[in-house]
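Engineer: Here it is, the structure, as structure tokens.
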Amino acid sequence: MVEFWWSYAWPTLWMVIQILFIVVPLLIVVAYLTYAERKVIGFMQLRMGPNVVGPFGLLQPFADALKLMTKELIIPTGANRVVFLIAPMLTFVLAMVGWAVIPVAEGWVLSDINVGILYLFAISSLGVYGIIMAGWASNSKYPFLGALRSAAQMVSYEVSIGFVIITVLLAVGSLNLSDIVLAQQDVWFFIPLFPMFIVFVVSALAETNRAPFDLPEAEAELVTGYNVEYSAMAFALFFLGEYANMVMMSGMTVILFLGGWLPPLDIAILNWIPGIVWFALKVSAMLFVFLWVRATLPRYRYDQLMRLGWKVFLPASLLWVVVTAGAIVVFDWYPGVVN
Amino acid sequence: MVIQALAFYLFAALAVASGVMVISARNPVHSVLFLILAFFNSAGLFVLIGAEFLAMILVVVYVGAVAVLFLFVVMMLDINFAELREGFLQYLPIGALIGLILAAELILIFGTWIVAPDVGQSLTAPILPPDQVTNTHALGQVIYTDYIYLFQASGLILLIAMIGAIVLTLRHRPGVRRQKIADQVSRRREDVVEVRDITTGSGA
């Protein structure tokens, strides 16, 4: 019995505790991201944003969550029930599982796997299924159109994200996320790889279906796209999934280009601040960019979106892969092979 | 080891079950979704034997890209399901034959391992031992260094296939106006706008 406890039950329990330590703060961040979005865009448009529920409207996310939880879940008669209900769960779960490999500080990671960046890439490429399944299972025109747009868009921008990741990997020599961060101790990658940084941030906007690439839910044309038929918690799961994806893409940007948990300068006073604070600050800055872009730019037209993905970003990122690889070979900048 | 064994049986059972559902589901979209589940469980099996790179590539390429396009096509198809079912018995012998051939090949491969356990060492080029390098590194060594010419050749074959697909499907329809971004950007105000000073009452 004692052996069973120490070799099976306790590791499982410890794993669950660790998962809770990641998921609970993440959900709070997601809840306050919705609040931050309304506040930031409100201030940018000379409005106050939410300010009634609680001091400065700080309890607004909980009010919204309570409202959505107590509402009735409506399943349309023509819908494919099982797929209709699986779709929001899938979106939400996929937005959460990516965090299993993200190092928020030195050694603070649930699973430090060798192929961490590929795992993240795989998880983010699966996100499209939640949307396609929702659009198809709703058995309705607007969701279907939204889902088709979204699928085409996410598949297109994944290609350039893949090339950006290859460029970073060329400079690091490892697929482990902690190694990627540690490789940036001298200089954060957004300086030498600046064009790729831009490509990645724009592709991250497209991948998360955020403005100016929010065509899947273009409210003027498609009502709200793939989630028209959803209500109550099913809708809330899509919403949470979308915002959790934003946080995850910001985290990916921070790890790949902005030095993860590393302080901006390697001096004592900055090194005293724990790594997770730097990581959180950088992620918040990236999230602010997401919101800022939404408040600033008008929506792209669909053919322009596709043109940008396939005819601008794809050749540009491919060229930059060649340039980086060439530079590494010519100047003998081979990164130390980390095993 | 108990956990690994449990995980193996879970992934394997789910993979086989979803494989069966792929061919027996009534709705083709459900078939594709079960196919995705089967891919996913195969990726889990890859992780269990320590081939994490292959597992991730399986998910990225097959689940993330190929199956999306597949799902796209199947969702768009307008199929008569009853008609599709009719040919089932007719095609059964061919399907069974292909299945038998695959099974025979698998038995041959595994049989070789049992009859001559060291055949693997004589066949494969020596790779770095698995406890010294990650399998990503080992794969890179084999594909991009040892067999670089074969790799380049397969790349060329894929390029030709891609060009072939484009040549077969590209047609220039007359009367279609395309957006030319360069023309739009290079347009100057002087070329298109003319400011005229017209006295009040004399304009048409």
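Following the order of the structure tokens, chains are lettered A, B, ..., residues in each are numbered from 1, and ligands are numbered from 1.
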Could you list, as a VMD selection string, every residue within 6 Å of Pro216 (chain A), counting only C-alpha atoms and ignoring same-chain residues fewer than 2 positions away?
Structural biologist: chain A and resid 146 149 to 150 214 218 225
Engineer: Please determine the contact residues of chain A with respect to chain B at a cut-off of 7 Å, counting only C-alpha atoms, and supply them as a list in words.
Structural biologist: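 Here they are: Val115, Leu118, Tyr119, Ala122, Ser125, Leu126, Val155 and Asn339 of chain A.
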Engineer: Output as an MDAnalysis selection string all residues of region 10-161 of chain B that backbone DSSP marks as helix (DSSP H, G or I).
Structural biologist: chainID B and resid 10:24 28:48 52:76 81:86 88:115 119:123 135:146 148:161
Engineer: Fewer than 4 positions away in the same chain doesn't count, so skip those; otherwise give me all residues within 8 Å of Pro88 (chain A), counting only C-alpha atoms, as a ChimeraX atom specification.
Structural biologist: /A:84,92,130,134,234-235,237-238
Engineer: I need the chosen residues saved as a short mmCIF file (atom, residue, chain, number, x, y, z; two decimals), in the first residue's frame, with N, CA and C atoms.
Structural biologist:
```
data_model
loop_
_atom_site.label_atom_id
_atom_site.label_comp_id
_atom_site.auth_asym_id
_atom_site.auth_seq_id
_atom_site.Cartn_x
_atom_site.Cartn_y
_atom_site.Cartn_z
N PHE A 84 -21.40 19.12 -32.04
CA PHE A 84 -21.73 20.47 -31.60
C PHE A 84 -21.22 20.72 -30.18
N PHE A 92 -11.32 24.78 -26.01
CA PHE A 92 -10.85 25.20 -24.69
C PHE A 92 -9.68 24.34 -24.22
N GLY A 130 -11.59 22.85 -33.58
CA GLY A 130 -12.72 23.31 -32.79
C GLY A 130 -13.63 24.18 -33.64
N ALA A 134 -17.34 23.24 -34.99
CA ALA A 134 -18.45 24.09 -34.57
C ALA A 134 -19.25 24.56 -35.79
N ALA A 234 -21.19 26.90 -23.54
CA ALA A 234 -20.52 26.49 -24.78
C ALA A 234 -19.90 27.71 -25.45
N PHE A 235 -20.66 28.81 -25.46
CA PHE A 235 -20.12 30.05 -26.02
C PHE A 235 -18.96 30.54 -25.17
N LEU A 237 -16.90 28.84 -23.45
CA LEU A 237 -15.69 28.04 -23.68
C LEU A 237 -14.96 28.52 -24.94
N PHE A 238 -15.73 28.83 -26.01
CA PHE A 238 -15.08 29.39 -27.20
C PHE A 238 -14.36 30.68 -26.87
#
```
Engineer: Quick one: distance from CA of Ile161 (chain A) to CA of Val228 (chain A) in Å, one decimal?
Structural biologist: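 A separation of 28.8 Å between them.
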Engineer: For region 40-155 of chain A versus region 251-264 of chain A, which residues have an atom no more than 10 Å away, and what is each residue's nearest atom pair and distance in Å rounded to one decimal, using only C-alpha atoms, chain-then-number order, as a tab-separated table?
Structural biologist:
```
residue	atom	partner	partner_atom	distance
A:Gly98	CA	A:Met252	CA	9.9
A:Trp99	CA	A:Gly251	CA	9.0
A:Ile102	CA	A:Gly251	CA	7.6
A:Pro103	CA	A:Gly260	CA	7.9
A:Val104	CA	A:Trp261	CA	6.4
A:Ala105	CA	A:Trp261	CA	5.2
A:Glu106	CA	A:Trp261	CA	7.1
A:Ile117	CA	A:Met252	CA	8.7
A:Leu120	CA	A:Met252	CA	8.2
A:Phe121	CA	A:Met252	CA	9.6
```
Engineer: Write a file of the just-selected residues containing N, CA, C and O atoms, as a short mmCIF file (atom, residue, chain, number, x, y, z; two decimals), in the first residue's frame.
Structural biologist:
```cif
data_model
loop_
_atom_site.label_atom_id
_atom_site.label_comp_id
_atom_site.auth_asym_id
_atom_site.auth_seq_id
_atom_site.Cartn_x
_atom_site.Cartn_y
_atom_site.Cartn_z
N GLY A 98 -1.35 23.53 -24.26
CA GLY A 98 -0.08 24.07 -24.72
C GLY A 98 0.81 24.52 -23.57
O GLY A 98 2.04 24.45 -23.67
N TRP A 99 0.18 24.95 -22.47
CA TRP A 99 0.96 25.50 -21.36
C TRP A 99 1.77 24.44 -20.64
O TRP A 99 2.61 24.78 -19.80
N ILE A 102 5.42 25.27 -21.57
CA ILE A 102 5.96 26.63 -21.59
C ILE A 102 6.71 26.91 -20.30
O ILE A 102 6.14 26.82 -19.21
N PRO A 103 8.01 27.21 -20.39
CA PRO A 103 8.76 27.53 -19.18
C PRO A 103 8.52 28.99 -18.78
O PRO A 103 8.87 29.90 -19.52
N VAL A 104 7.92 29.20 -17.60
CA VAL A 104 7.62 30.58 -17.20
C VAL A 104 8.79 31.18 -16.42
O VAL A 104 8.86 32.39 -16.25
N ALA A 105 9.68 30.34 -15.94
CA ALA A 105 10.92 30.82 -15.32
C ALA A 105 11.90 29.67 -15.41
O ALA A 105 11.52 28.57 -15.82
N GLU A 106 13.14 29.91 -15.02
CA GLU A 106 14.15 28.85 -15.14
C GLU A 106 13.69 27.60 -14.39
O GLU A 106 13.55 27.61 -13.16
N ILE A 117 8.97 22.98 -28.82
CA ILE A 117 8.44 23.96 -29.77
C ILE A 117 7.56 23.27 -30.80
O ILE A 117 6.54 23.81 -31.24
N LEU A 120 4.19 22.73 -29.23
CA LEU A 120 3.38 23.95 -29.27
C LEU A 120 2.81 24.18 -30.66
O LEU A 120 1.63 24.54 -30.81
N PHE A 121 3.66 23.96 -31.67
CA PHE A 121 3.23 24.16 -33.06
C PHE A 121 2.10 23.19 -33.39
O PHE A 121 1.09 23.57 -33.99
#
```
Engineer: When you draw a straight line from CA of Leu33 (chain A) to CA of Tyr243 (chain A), how long is it in Å?
Structural biologist: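 These two atoms are separated by 7.3 Å.
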Engineer: I want to know what sits within 12 Å of Gly309 (chain A), based on only C-alpha atoms, with residues of the same chain fewer than 5 positions away left out; could you give that as a list in words?
Structural biologist: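 Neighbouring residues, sequence-local ones excluded: Ala152, Gln153, Met154, Val155, Ser156, Tyr157, Glu158, Val159, Ser160, Ile161, Val199, Phe200, Val202, Ser203, Ala204, Leu205, Ala206, Glu207, Phe213, Tyr300, Tyr302, Asp303, Gln304, Leu314, Pro315, Ala316 and Ser317 of chain A.
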Engineer: Those same residues - C-alpha atoms - I'd like them written as a PDB file, in the first residue's frame.
Structural biologist:
```pdb
ATOM      1  CA  ALA A 152      -8.232  28.508 -44.730  1.00  0.00           C
ATOM      2  CA  GLN A 153      -6.750  31.378 -42.752  1.00  0.00           C
ATOM      3  CA  MET A 154      -5.200  29.288 -39.990  1.00  0.00           C
ATOM      4  CA  VAL A 155      -3.716  26.730 -42.385  1.00  0.00           C
ATOM      5  CA  SER A 156      -2.200  29.541 -44.481  1.00  0.00           C
ATOM      6  CA  TYR A 157      -0.552  31.383 -41.620  1.00  0.00           C
ATOM      7  CA  GLU A 158       0.719  28.218 -39.980  1.00  0.00           C
ATOM      8  CA  VAL A 159       3.078  27.762 -42.912  1.00  0.00           C
ATOM      9  CA  SER A 160       4.875  31.024 -42.259  1.00  0.00           C
ATOM     10  CA  ILE A 161       4.848  30.400 -38.494  1.00  0.00           C
ATOM     11  CA  VAL A 199       6.115  38.020 -39.428  1.00  0.00           C
ATOM     12  CA  PHE A 200       5.530  35.985 -36.287  1.00  0.00           C
ATOM     13  CA  VAL A 202       1.307  39.284 -37.518  1.00  0.00           C
ATOM     14  CA  SER A 203       0.860  35.547 -38.073  1.00  0.00           C
ATOM     15  CA  ALA A 204       0.010  35.171 -34.390  1.00  0.00           C
ATOM     16  CA  LEU A 205      -2.774  37.722 -34.880  1.00  0.00           C
ATOM     17  CA  ALA A 206      -4.039  35.733 -37.856  1.00  0.00           C
ATOM     18  CA  GLU A 207      -3.660  32.392 -36.085  1.00  0.00           C
ATOM     19  CA  PHE A 213      -7.650  39.275 -39.260  1.00  0.00           C
ATOM     20  CA  TYR A 300      -8.582  43.077 -43.838  1.00  0.00           C
ATOM     21  CA  TYR A 302     -10.447  38.238 -47.337  1.00  0.00           C
ATOM     22  CA  ASP A 303      -8.452  38.061 -50.580  1.00  0.00           C
ATOM     23  CA  GLN A 304      -5.925  40.546 -49.175  1.00  0.00           C
ATOM     24  CA  LEU A 314       5.648  32.787 -47.131  1.00  0.00           C
ATOM     25  CA  PRO A 315       8.360  33.971 -49.581  1.00  0.00           C
ATOM     26  CA  ALA A 316       9.748  36.425 -47.033  1.00  0.00           C
ATOM     27  CA  SER A 317      10.068  33.839 -44.285  1.00  0.00           C
TER      28      SER A 317
END
```
Engineer: Can you pull out every residue within 7 Å of Ser18 (chain B), counting only C-alpha atoms, but drop anything in the same chain fewer than 4 positions away, and send it as a list of chain:residue names?
Structural biologist: B:Leu14, B:Val22, B:Phe34, B:Leu35, B:Leu37, B:Ala38
Engineer: Those selected residues, please, written with N, CA and C atoms and delivered as a PDB file, in the first residue's frame.
Structural biologist:
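Saved as result.pdb:
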```pdb
ATOM      1  N   LEU B  14      -7.798   2.590 -28.628  1.00  0.00           N
ATOM      2  CA  LEU B  14      -8.503   3.719 -29.233  1.00  0.00           C
ATOM      3  C   LEU B  14      -8.175   3.824 -30.722  1.00  0.00           C
ATOM      4  N   VAL B  22     -13.812   4.571 -38.678  1.00  0.00           N
ATOM      5  CA  VAL B  22     -13.603   5.318 -39.923  1.00  0.00           C
ATOM      6  C   VAL B  22     -14.365   4.661 -41.059  1.00  0.00           C
ATOM      7  N   PHE B  34     -12.975  10.523 -36.898  1.00  0.00           N
ATOM      8  CA  PHE B  34     -12.394   9.324 -36.296  1.00  0.00           C
ATOM      9  C   PHE B  34     -10.993   9.062 -36.841  1.00  0.00           C
ATOM     10  N   LEU B  35     -10.795   9.401 -38.125  1.00  0.00           N
ATOM     11  CA  LEU B  35      -9.455   9.248 -38.703  1.00  0.00           C
ATOM     12  C   LEU B  35      -8.470  10.118 -37.939  1.00  0.00           C
ATOM     13  N   LEU B  37      -8.747  11.060 -34.857  1.00  0.00           N
ATOM     14  CA  LEU B  37      -8.528  10.421 -33.553  1.00  0.00           C
ATOM     15  C   LEU B  37      -7.515   9.290 -33.685  1.00  0.00           C
ATOM     16  N   ALA B  38      -7.621   8.538 -34.803  1.00  0.00           N
ATOM     17  CA  ALA B  38      -6.675   7.439 -35.014  1.00  0.00           C
ATOM     18  C   ALA B  38      -5.257   7.976 -35.160  1.00  0.00           C
TER      19      ALA B  38
END
```
